[in-house]
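K.L.:
Next comes the structure file my_file-v2.tsv, holding TSV, C-alpha atoms.
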```
chain	number	residue	atom	x	y	z
A	791	MET	CA	97.34	75.98	136.39
A	792	LEU	CA	96.04	73.64	139.09
A	793	TYR	CA	98.23	70.82	137.79
A	794	GLY	CA	101.25	73.11	137.81
A	795	ILE	CA	100.69	74.03	141.44
A	796	ALA	CA	100.05	70.42	142.44
A	797	ALA	CA	103.05	69.14	140.48
A	798	ALA	CA	105.38	71.76	141.96
A	799	THR	CA	104.19	71.00	145.49
A	800	ALA	CA	104.55	67.25	144.97
A	801	ALA	CA	108.05	67.62	143.52
A	802	LEU	CA	109.14	69.87	146.38
A	803	LEU	CA	107.87	67.59	149.14
A	804	LEU	CA	109.03	64.39	147.43
A	805	THR	CA	112.54	65.71	146.86
A	806	ALA	CA	112.82	67.01	150.42
A	807	ALA	CA	111.74	63.63	151.83
A	808	LEU	CA	114.07	61.71	149.52
A	809	ALA	CA	116.98	63.98	150.41
A	810	ALA	CA	116.47	63.32	154.12
A	811	LEU	CA	116.26	59.56	153.52
A	812	LEU	CA	119.24	59.43	151.19
A	813	ARG	CA	121.31	61.47	153.62
A	814	THR	CA	120.94	58.78	156.25
A	815	ILE	CA	121.76	56.03	153.74
A	816	ALA	CA	124.79	57.88	152.39
A	817	LEU	CA	126.25	58.47	155.84
A	818	ARG	CA	125.84	54.82	156.76
A	819	LEU	CA	127.41	53.61	153.51
A	820	GLY	CA	130.22	56.17	153.61
A	821	VAL	CA	129.18	57.94	150.39
A	822	VAL	CA	130.30	61.34	151.60
A	823	ASP	CA	132.20	64.41	150.52
A	824	ARG	CA	134.57	66.39	152.75
A	825	ARG	CA	133.45	69.95	153.36
A	826	ARG	CA	135.65	71.85	155.85
A	827	ALA	CA	136.85	68.62	157.44
A	828	ARG	CA	133.33	67.29	158.02
A	829	PRO	CA	131.58	64.51	156.10
A	830	VAL	CA	128.57	65.53	153.99
A	831	ALA	CA	126.24	63.08	152.25
A	832	LEU	CA	126.77	62.89	148.49
A	833	LEU	CA	123.44	61.60	147.14
A	834	GLY	CA	121.48	64.82	146.84
A	835	GLY	CA	121.48	64.60	143.07
A	836	VAL	CA	119.58	61.32	143.24
A	837	ALA	CA	116.80	63.07	145.17
A	838	VAL	CA	116.59	65.90	142.62
A	839	MET	CA	116.63	63.49	139.68
A	840	ALA	CA	114.04	61.14	141.20
A	841	GLY	CA	111.71	63.91	142.31
A	842	THR	CA	111.77	65.58	138.90
A	843	ALA	CA	111.47	62.38	136.87
A	844	LEU	CA	108.67	60.82	138.91
A	845	VAL	CA	106.42	63.88	138.91
A	846	ALA	CA	107.06	64.69	135.24
A	847	ALA	CA	106.55	61.07	134.16
A	848	LEU	CA	103.32	60.86	136.17
A	849	GLY	CA	101.97	63.95	134.43
A	850	ASP	CA	102.89	62.55	131.04
A	851	TRP	CA	101.48	59.07	131.82
A	852	THR	CA	98.14	60.44	133.03
A	853	ASP	CA	98.06	62.74	129.98
A	854	VAL	CA	97.35	65.67	132.28
A	855	ALA	CA	100.55	67.42	131.22
A	856	PRO	CA	102.17	65.53	128.33
A	857	LEU	CA	105.82	66.31	127.90
A	858	GLY	CA	105.92	65.99	124.16
A	859	PRO	CA	108.75	64.55	122.06
A	860	GLU	CA	111.33	67.27	122.74
A	861	ALA	CA	110.89	67.40	126.50
A	862	GLY	CA	110.61	63.61	126.65
A	863	ARG	CA	113.95	63.11	124.86
A	864	LEU	CA	115.50	65.75	127.08
A	865	LEU	CA	114.34	64.00	130.25
A	866	VAL	CA	115.59	60.59	129.07
A	867	ALA	CA	119.00	61.99	128.10
A	868	ALA	CA	119.27	63.82	131.43
A	869	LEU	CA	118.45	60.61	133.32
A	870	GLY	CA	121.25	58.81	131.49
A	871	LEU	CA	123.71	61.56	132.45
A	872	ALA	CA	122.46	61.44	136.04
A	873	ALA	CA	123.25	57.72	136.15
A	874	LEU	CA	126.75	58.46	134.87
A	875	GLY	CA	127.12	61.18	137.50
A	876	LEU	CA	126.05	58.77	140.22
A	877	ALA	CA	128.71	56.33	139.04
A	878	ALA	CA	131.24	59.19	139.18
A	879	ASP	CA	130.18	59.92	142.78
A	880	LEU	CA	130.65	56.30	143.78
A	881	ARG	CA	133.69	55.48	141.65
A	882	THR	CA	136.24	57.41	139.66
A	883	VAL	CA	135.00	58.25	136.15
A	884	PRO	CA	137.47	60.19	133.95
A	885	LEU	CA	136.48	63.66	132.87
A	886	ALA	CA	136.90	62.71	129.21
A	887	VAL	CA	134.20	60.06	129.59
A	888	ARG	CA	131.80	62.57	131.16
A	889	VAL	CA	132.49	65.14	128.44
A	890	CYS	CA	131.90	62.58	125.68
A	891	ALA	CA	128.64	61.48	127.33
A	892	VAL	CA	127.34	65.05	127.60
A	893	THR	CA	128.37	65.71	123.99
A	894	ALA	CA	126.50	62.64	122.75
A	895	ALA	CA	123.39	63.55	124.76
A	896	ALA	CA	123.47	67.13	123.50
A	897	ALA	CA	123.85	65.93	119.90
A	898	LEU	CA	120.57	64.01	120.30
A	899	ILE	CA	118.72	67.03	121.69
A	900	VAL	CA	119.76	69.90	119.42
A	901	PRO	CA	117.19	70.58	116.63
A	902	TYR	CA	119.40	70.60	113.52
A	903	ASP	CA	116.40	71.04	111.24
A	904	VAL	CA	115.78	74.46	112.77
A	905	LEU	CA	119.32	75.65	113.55
A	906	GLY	CA	121.23	74.01	110.74
A	907	VAL	CA	124.34	71.88	111.10
A	908	PRO	CA	126.96	74.63	111.84
A	909	ALA	CA	124.79	76.39	114.41
A	910	GLY	CA	123.73	73.02	115.82
A	911	LEU	CA	127.34	72.01	116.44
A	912	LEU	CA	127.96	75.33	118.20
A	913	ALA	CA	124.87	74.68	120.31
A	914	VAL	CA	126.23	71.25	121.27
A	915	ALA	CA	129.54	72.78	122.37
A	916	TRP	CA	127.69	75.45	124.35
A	917	ILE	CA	125.54	72.84	126.12
A	918	VAL	CA	128.65	70.88	127.11
A	919	PHE	CA	130.33	74.01	128.47
A	920	VAL	CA	127.31	75.25	130.45
A	921	THR	CA	126.58	71.79	131.86
A	922	HIS	CA	130.04	71.50	133.39
A	923	ALA	CA	129.96	75.16	134.43
A	924	PHE	CA	126.87	74.44	136.52
A	925	GLY	CA	128.74	71.57	138.15
A	926	SER	CA	131.51	73.94	139.25
A	927	LEU	CA	128.96	76.05	141.19
A	928	ASP	CA	128.87	73.42	143.91
A	929	HIS	CA	131.88	75.02	145.62
A	930	VAL	CA	129.49	76.98	147.90
A	931	ASP	CA	126.78	75.22	149.88
A	932	GLY	CA	123.44	75.79	148.16
A	933	LEU	CA	124.80	77.87	145.27
A	934	MET	CA	124.15	75.37	142.49
A	935	GLY	CA	120.61	74.78	143.76
A	936	THR	CA	119.86	78.50	144.10
A	937	VAL	CA	121.13	79.38	140.63
A	938	GLY	CA	119.30	76.36	139.22
A	939	VAL	CA	116.00	77.40	140.81
A	940	VAL	CA	116.01	80.95	139.41
A	941	THR	CA	117.23	79.76	136.00
A	942	ALA	CA	114.61	76.99	135.79
A	943	PHE	CA	111.77	79.36	136.71
A	944	ALA	CA	112.90	81.92	134.12
A	945	LEU	CA	113.26	79.27	131.41
A	946	ALA	CA	109.81	77.92	132.31
A	947	GLY	CA	108.40	81.38	131.68
A	948	CYS	CA	110.25	81.59	128.36
A	949	ALA	CA	108.93	78.16	127.33
A	950	ALA	CA	105.38	79.11	128.29
A	951	ALA	CA	105.67	82.27	126.19
A	952	GLU	CA	106.76	80.12	123.23
A	953	VAL	CA	103.78	77.75	123.84
A	954	MET	CA	106.10	74.86	124.70
A	955	ASP	CA	103.90	73.50	127.48
A	956	GLY	CA	105.71	70.19	127.97
A	957	LEU	CA	109.09	71.87	128.39
A	958	ALA	CA	107.58	74.50	130.68
A	959	ALA	CA	106.09	71.77	132.89
A	960	LEU	CA	109.42	69.91	133.08
A	961	LEU	CA	111.30	73.08	134.03
A	962	SER	CA	108.72	74.00	136.67
A	963	VAL	CA	109.00	70.57	138.24
A	964	LEU	CA	112.81	70.82	138.20
A	965	ALA	CA	112.67	74.22	139.91
A	966	ALA	CA	110.40	72.81	142.61
A	967	ALA	CA	112.64	69.77	143.09
A	968	LEU	CA	115.70	71.98	143.50
A	969	THR	CA	113.78	74.07	146.05
A	970	GLY	CA	113.02	70.92	148.03
A	971	PHE	CA	116.67	69.95	147.87
A	972	LEU	CA	117.68	73.37	149.22
A	973	MET	CA	115.80	72.59	152.42
A	974	HIS	CA	118.80	70.36	153.23
A	975	GLY	CA	121.45	72.07	151.09
A	976	TRP	CA	121.77	75.50	152.72
A	977	HIS	CA	124.91	76.28	154.69
A	978	PRO	CA	125.94	74.23	156.53
A	979	ALA	CA	124.79	71.68	153.96
A	980	ARG	CA	123.65	68.30	155.23
A	981	ILE	CA	123.65	66.84	151.71
A	982	VAL	CA	125.20	67.99	148.41
A	983	PRO	CA	124.10	67.29	144.81
A	984	GLY	CA	127.37	65.76	143.63
A	985	ARG	CA	128.06	65.08	139.97
A	986	CYS	CA	124.72	63.29	139.64
A	987	GLY	CA	122.74	66.42	140.46
A	988	SER	CA	125.01	68.84	138.62
A	989	LEU	CA	124.96	66.84	135.37
A	990	PHE	CA	121.19	66.35	135.54
A	991	ALA	CA	120.22	69.93	136.37
A	992	GLY	CA	122.92	71.57	134.25
A	993	PHE	CA	122.09	69.54	131.17
A	994	VAL	CA	118.34	70.14	131.46
A	995	LEU	CA	118.81	73.90	131.86
A	996	ALA	CA	121.41	74.29	129.09
A	997	SER	CA	119.43	72.16	126.63
A	998	ALA	CA	116.17	73.92	127.49
A	999	ALA	CA	117.79	77.28	126.76
A	1000	VAL	CA	118.72	76.01	123.29
A	1001	LEU	CA	115.30	74.50	122.61
A	1002	VAL	CA	113.41	77.61	123.73
A	1003	HIS	CA	115.45	80.00	121.59
A	1004	ALA	CA	115.98	77.74	118.56
A	1005	GLU	CA	113.25	79.40	116.51
A	1006	ARG	CA	114.03	82.93	117.65
A	1007	GLU	CA	116.23	85.37	115.77
A	1008	ALA	CA	119.93	84.91	116.33
A	1009	GLY	CA	120.51	88.21	118.15
A	1010	PRO	CA	117.76	88.03	120.81
A	1011	GLY	CA	118.20	84.27	121.20
A	1012	ILE	CA	121.93	84.45	121.88
A	1013	ALA	CA	121.54	87.48	124.16
A	1014	ALA	CA	118.80	85.85	126.24
A	1015	GLY	CA	120.63	82.51	126.43
A	1016	PHE	CA	123.81	84.19	127.64
A	1017	ALA	CA	122.01	86.25	130.29
A	1018	LEU	CA	120.18	83.19	131.60
A	1019	THR	CA	123.48	81.40	132.24
A	1020	ALA	CA	125.74	84.40	132.90
A	1021	LEU	CA	126.82	83.51	136.44
A	1022	ALA	CA	127.87	79.95	135.65
A	1023	THR	CA	129.64	81.14	132.50
A	1024	ALA	CA	131.50	83.91	134.35
A	1025	ASP	CA	132.65	81.51	137.07
A	1026	ALA	CA	133.94	78.98	134.53
A	1027	VAL	CA	135.76	81.65	132.50
A	1028	LEU	CA	137.31	83.11	135.65
A	1029	VAL	CA	138.65	79.71	136.69
A	1030	LEU	CA	140.11	78.97	133.26
A	1031	VAL	CA	141.74	82.40	132.90
A	1032	SER	CA	143.22	82.49	136.40
A	1033	ARG	CA	144.63	78.97	136.15
A	1034	ARG	CA	146.07	79.72	132.73
A	1035	ARG	CA	147.78	82.88	133.99
A	1036	ALA	CA	149.16	81.09	137.05
A	1037	GLY	CA	150.46	78.14	135.01
A	1038	ARG	CA	148.36	75.62	136.94
A	1039	PRO	CA	146.60	72.62	135.36
A	1040	LEU	CA	143.19	73.69	134.05
A	1041	LEU	CA	141.35	70.62	135.29
A	1042	ARG	CA	142.83	70.33	138.79
A	1043	PRO	CA	140.44	71.64	141.48
A	1044	GLY	CA	141.51	74.75	143.33
A	1045	PRO	CA	140.19	77.62	145.48
A	1046	ASP	CA	139.79	80.04	142.57
A	1047	HIS	CA	136.02	80.18	142.05
A	1048	LEU	CA	133.85	83.22	142.70
A	1049	GLY	CA	132.74	81.95	146.09
A	1050	HIS	CA	136.32	81.32	147.24
A	1051	ARG	CA	137.39	84.82	146.23
A	1052	LEU	CA	134.43	86.43	147.98
A	1053	ARG	CA	135.35	84.52	151.13
A	1054	ARG	CA	138.84	86.03	150.98
A	1055	LEU	CA	137.23	89.47	150.85
A	1056	GLY	CA	135.67	88.79	154.24
A	1057	LEU	CA	132.20	87.49	153.35
A	1058	THR	CA	130.66	84.61	155.27
A	1059	PRO	CA	129.38	81.53	153.40
A	1060	GLN	CA	125.83	82.85	153.78
A	1061	GLY	CA	126.96	86.23	152.48
A	1062	CYS	CA	128.60	84.64	149.44
A	1063	LEU	CA	125.38	82.75	148.70
A	1064	VAL	CA	123.29	85.92	148.98
A	1065	VAL	CA	125.62	87.96	146.74
A	1066	LEU	CA	125.95	85.30	144.05
A	1067	GLY	CA	122.27	84.39	144.20
A	1068	THR	CA	121.30	88.04	143.76
A	1069	ALA	CA	123.67	88.39	140.81
A	1070	ALA	CA	122.20	85.26	139.21
A	1071	PHE	CA	118.65	86.54	139.74
A	1072	ALA	CA	119.50	89.90	138.14
A	1073	ALA	CA	121.10	88.28	135.08
A	1074	VAL	CA	118.26	85.77	134.70
A	1075	LEU	CA	115.70	88.57	134.94
A	1076	VAL	CA	117.45	90.39	132.10
A	1077	GLY	CA	117.35	87.25	129.98
A	1078	LEU	CA	113.63	86.76	130.68
A	1079	LEU	CA	112.85	90.36	129.76
A	1080	ILE	CA	114.78	90.02	126.50
A	1081	ASP	CA	112.95	86.80	125.67
A	1082	LEU	CA	109.55	88.36	126.36
A	1083	GLY	CA	110.39	91.38	124.24
A	1084	TRP	CA	110.27	93.84	127.15
A	1085	ALA	CA	113.98	94.68	126.82
A	1086	GLY	CA	116.28	94.95	123.85
A	1087	THR	CA	119.37	92.93	123.16
A	1088	ASP	CA	121.47	95.85	124.40
A	1089	ALA	CA	120.56	94.83	127.95
A	1090	ALA	CA	122.66	91.70	127.52
A	1091	TRP	CA	125.72	93.88	126.91
A	1092	TRP	CA	125.32	95.32	130.41
A	1093	VAL	CA	125.33	91.80	131.81
A	1094	ALA	CA	128.35	90.89	129.71
A	1095	GLY	CA	130.18	94.07	130.79
A	1096	VAL	CA	129.61	93.43	134.48
A	1097	ALA	CA	130.65	89.78	134.09
A	1098	ALA	CA	133.81	90.79	132.18
A	1099	ALA	CA	134.71	93.38	134.81
A	1100	VAL	CA	134.30	90.85	137.62
A	1101	VAL	CA	136.36	88.23	135.77
A	1102	ALA	CA	139.11	90.72	134.94
A	1103	GLY	CA	139.22	92.13	138.46
A	1104	PHE	CA	139.46	88.76	140.16
A	1105	ALA	CA	141.76	87.21	137.54
A	1106	LEU	CA	144.40	89.88	138.17
A	1107	ARG	CA	144.62	88.85	141.82
A	1108	PRO	CA	146.87	85.78	142.15
A	1109	VAL	CA	145.50	82.86	144.13
A	1110	ARG	CA	147.74	80.55	146.04
A	1111	ASP	CA	147.08	76.92	145.42
A	1112	PRO	CA	147.17	75.25	148.87
A	1113	ARG	CA	147.87	71.88	147.28
A	1114	GLY	CA	150.83	73.31	145.39
A	1115	ALA	CA	152.06	75.10	148.52
A	1116	ARG	CA	151.85	71.87	150.49
A	1117	GLU	CA	153.80	70.05	147.80
A	1118	ARG	CA	156.48	72.76	147.87
A	1119	ARG	CA	156.74	72.56	151.66
A	1120	MET	CA	157.10	68.78	151.48
A	1121	ALA	CA	159.80	69.07	148.83
A	1122	ARG	CA	161.65	71.70	150.87
A	1123	GLY	CA	161.44	69.54	153.99
A	1124	ALA	CA	162.80	66.52	152.11
A	1125	ARG	CA	165.66	68.63	150.73
A	1126	GLU	CA	166.56	69.95	154.18
A	1127	THR	CA	166.50	66.40	155.56
A	1128	ARG	CA	168.93	65.22	152.88
A	1129	MET	CA	171.26	68.16	153.55
A	1130	ALA	CA	171.21	67.44	157.29
A	1131	ARG	CA	172.14	63.81	156.67
A	1132	GLN	CA	175.01	64.79	154.41
A	1133	THR	CA	176.24	67.27	157.02
A	1134	ARG	CA	176.29	64.60	159.72
A	1135	ARG	CA	178.27	62.28	157.45
A	1136	THR	CA	180.96	64.86	156.59
A	1137	ARG	CA	181.23	66.56	160.03
A	1138	PRO	CA	184.71	66.00	161.72
A	1139	ALA	CA	185.01	64.08	164.96
A	1140	ARG	CA	184.21	66.16	168.04
A	1141	PRO	CA	187.25	66.68	170.37
A	1142	ASP	CA	187.13	65.29	173.84
A	1143	ARG	CA	185.76	67.59	176.47
A	1144	VAL	CA	188.10	69.09	179.04
A	1145	PRO	CA	187.35	67.46	182.38
A	1146	SER	CA	185.77	69.79	184.85
A	1147	ARG	CA	187.67	70.74	188.06
A	1148	PRO	CA	186.78	68.42	190.91
A	1149	SER	CA	185.04	69.92	193.83
A	1150	VAL	CA	187.11	70.59	196.97
A	1151	PRO	CA	185.53	69.57	200.27
A	1152	SER	CA	184.94	72.26	202.84
A	1153	PRO	CA	187.54	72.44	205.61
A	1154	GLY	CA	184.87	72.59	208.25
A	1155	GLY	CA	183.22	69.35	207.24
A	1156	PRO	CA	179.65	68.91	206.28
A	1157	ALA	CA	178.40	71.57	208.65
A	1158	SER	CA	180.67	74.30	207.32
A	1159	ALA	CA	180.03	73.13	203.72
A	1160	GLY	CA	176.39	73.89	204.26
A	1161	ARG	CA	177.32	77.44	205.35
A	1162	ASP	CA	179.87	78.04	202.58
A	1163	GLU	CA	179.22	76.02	199.42
A	1164	ASN	CA	182.13	77.55	197.47
A	1165	PRO	CA	185.44	76.94	199.28
A	1166	TYR	CA	187.23	79.46	197.05
A	1167	ALA	CA	184.89	82.34	197.88
A	1168	ARG	CA	186.99	83.33	200.92
A	1169	VAL	CA	190.69	84.12	200.87
```
Show me the file's structure as structure tokens.
P.N.:
Amino acid sequence: MLYGIAAATAALLLTAALAALLRTIALRLGVVDRRRARPVALLGGVAVMAGTALVAALGDWTDVAPLGPEAGRLLVAALGLAALGLAADLRTVPLAVRVCAVTAAAALIVPYDVLGVPAGLLAVAWIVFVTHAFGSLDHVDGLMGTVGVVTAFALAGCAAAEVMDGLAALLSVLAAALTGFLMHGWHPARIVPGRCGSLFAGFVLASAAVLVHAEREAGPGIAAGFALTALATADAVLVLVSRRRAGRPLLRPGPDHLGHRLRRLGLTPQGCLVVLGTAAFAAVLVGLLIDLGWAGTDAAWWVAGVAAAVVAGFALRPVRDPRGARERRMARGARETRMARQTRRTRPARPDRVPSRPSVPSPGGPASAGRDENPYARV
């Protein structure tokens, strides 16, 4: 207990300090992301990864809180994905490469001896999906960190109930590190996690959900795992369905996530974070109660019903793609320019103007002209 408190405190403070330091370095080096036309540092994931790895490795090295083989492999695989995410933040890394890397890492983590090969392959696919779904939560400042904190704490409780002390310690340290990151990641965010942080945190949480429920019965395990990741899953499904219905590319970014739609309903960024964070906490609480045996699997159907209603309600509302609208405006402008050029080429010559009538001087000279400017006004 004392080590858990000390480790969580150390991870929180270390991550907060690293985030402040890396923010300055990122701004000087130009490693930034554009949020509402303002530059935001893009190395927050490095702070989360370093804070979690250093504290967890120190506990394992001192043998105060050994991670064990499963948690150790999970941490090593997550560090490799974090390095790939950092490369994607600095340079362009294709999505196919990231998906293949997450698939390979998940294949090394899934316990096939417990699940079997068919269920293990389904678990690998689920880990890949949830990992990238967590990455899509970064569309609202602080949302990915908030959802990650509540999910990590709930999974730590599930792991402790299953006497998986190493995994519980790793998840507790991750939750504390994400809390330290949120000290700089609330709206308006001064630093964002980027792909480095989303791949690291998403993979650890998705893989931990599989490891914790691997030896449970299929019904309660699937129900608890879904509830623990319900918000990220609902957001990803909403994006895929809405883009499919609108005929837009599935992988092109767009303003069609849950946070974007709540903003169109009139909520502020802080309001969106509160609403989505509360929804994530409620779903995670249901998953924890199912895992502890204090609620039946039927409770997961309530979570699934609410998520399906939200997805269906938002998916029926069309979303304009500003990038597509801009492209259409540019194409229309180019078409109008071509038509104007053709019109100028085919327009007939303009007839000469009729010369205007010359002015007649005033009979009285300059003095009378000043009194009567129009000589034809009098008869």
K.L.:
Near A:Val900, counting only C-alpha atoms, which residues have an atom at most 10 Å away, once you skip same-chain residues fewer than 2 positions from it, shown as a VMD selection string?
P.N.:
chain A and resid 860 864 895 to 898 902 to 907 909 to 914 917 997 to 998 1000 to 1001 1004
K.L.:
List as a list in words the protein and nucleic acid residues near A:Asp1081, meaning an atom at most 10 Å away when only C-alpha atoms are counted, but skip any in the same chain fewer than 3 places from it.
P.N.:
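The residues satisfying every condition are Ala944, Leu945, Gly947, Cys948, Ala949, Ala951, Glu952, Val1002, His1003, Arg1006, Pro1010, Gly1011, Ala1013, Ala1014, Gly1015, Leu1075, Val1076, Gly1077, Leu1078, Trp1084, Ala1085, Gly1086 and Thr1087 of chain A.
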K.L.:
Kindly indicate which residue among A:Val1100, A:Val892, A:Leu865, A:Leu844 lies nearest to A:Thr1023, using all atoms listed in the file for the distances.
P.N.:
A:Val1100
K.L.:
Find the spatial neighbours of stretch 1018-1020 of chain A, counting only C-alpha atoms, within a cut-off of 10 Å - ignore same-chain residues fewer than 3 positions away - and output them as a ChimeraX atom specification.
P.N.:
/A:920,923-924,937-938,940-942,944-945,995-996,999,1012-1015,1023-1026,1069-1078,1090,1093-1094,1096-1097
K.L.:
List the neighbours of A:His1047 out to 9 Å using all atoms listed in the file; skip same-chain residues closer than 6 positions along the sequence, and give me the result as a PyMOL selection string.
P.N.:
chain A and resi 926-927+929+1025-1026+1028-1029
K.L.:
May I ask for the distance between atom CA of A:Ala946 and atom CA of A:Asp853, given in Å to one decimal place?
P.N.:
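So the answer is 19.3 Å.
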K.L.:
Just to confirm, what's the straight-line distance from atom CA of A:Ala801 to atom CA of A:Met954 in Å (one decimal)?
P.N.:
20.3 Å
K.L.:
Show me a table, sorted first by chain and then by increasing residue number, of the residues of stretch 894-993 of chain A having an atom at most 10 Å from stretch 803-811 of chain A, each with its shortest atom pair and the distance in Å to one decimal, counting all atoms listed in the file and written as JSON lines.
P.N.:
```
{"residue": "A:Ala966", "atom": "CA", "partner": "A:Thr805", "partner_atom": "CA", "distance": 8.5}
{"residue": "A:Ala967", "atom": "CA", "partner": "A:Thr805", "partner_atom": "CA", "distance": 5.5}
{"residue": "A:Leu968", "atom": "CA", "partner": "A:Thr805", "partner_atom": "CA", "distance": 7.8}
{"residue": "A:Thr969", "atom": "CA", "partner": "A:Ala806", "partner_atom": "CA", "distance": 8.4}
{"residue": "A:Gly970", "atom": "CA", "partner": "A:Ala806", "partner_atom": "CA", "distance": 4.6}
{"residue": "A:Phe971", "atom": "CA", "partner": "A:Ala806", "partner_atom": "CA", "distance": 5.5}
{"residue": "A:Leu972", "atom": "CA", "partner": "A:Ala806", "partner_atom": "CA", "distance": 8.1}
{"residue": "A:Met973", "atom": "CA", "partner": "A:Ala806", "partner_atom": "CA", "distance": 6.6}
{"residue": "A:His974", "atom": "CA", "partner": "A:Ala809", "partner_atom": "CA", "distance": 7.2}
{"residue": "A:Gly975", "atom": "CA", "partner": "A:Ala809", "partner_atom": "CA", "distance": 9.3}
{"residue": "A:Arg980", "atom": "CA", "partner": "A:Ala810", "partner_atom": "CA", "distance": 8.8}
{"residue": "A:Ile981", "atom": "CA", "partner": "A:Ala809", "partner_atom": "CA", "distance": 7.4}
{"residue": "A:Val982", "atom": "CA", "partner": "A:Ala809", "partner_atom": "CA", "distance": 9.4}
{"residue": "A:Pro983", "atom": "CA", "partner": "A:Ala809", "partner_atom": "CA", "distance": 9.6}
```
K.L.:
Select, from A:Leu880, A:Leu792, A:Val821, A:Ala991, the residue with the minimum atom-to-atom distance to A:Ala867, counting only C-alpha atoms.
P.N.:
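That would be A:Ala991, the residue with the smallest distance to A:Ala867.
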K.L.:
Considering all atoms listed in the file, can you say which of A:Leu1066, A:Gly794, A:Ala1105, A:Ile1080 comes closest to A:Ala1036?
P.N.:
A:Ala1105
K.L.:
Hey, which of A:Ala979, A:Leu869, A:Leu960, A:Ala1099 ends up closest to A:Ala855? Count all atoms listed in the file.
P.N.:
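Distance minimum relative to A:Ala855 lands on A:Leu960.
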K.L.:
What does the structure give for the distance between atom CA of A:Gly835 and atom CA of A:Cys986, in Å to one decimal?
P.N.:
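Value for the atom CA of A:Gly835-atom CA of A:Cys986 distance: 4.9 Å.
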K.L.:
Would you mind telling me which residue in A:Gly1103, A:Gly1083, A:Gly1095, A:Gly849 lies nearest to A:Ser1032 when using all atoms listed in the file?
P.N.:
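Closest candidate: A:Gly1103.
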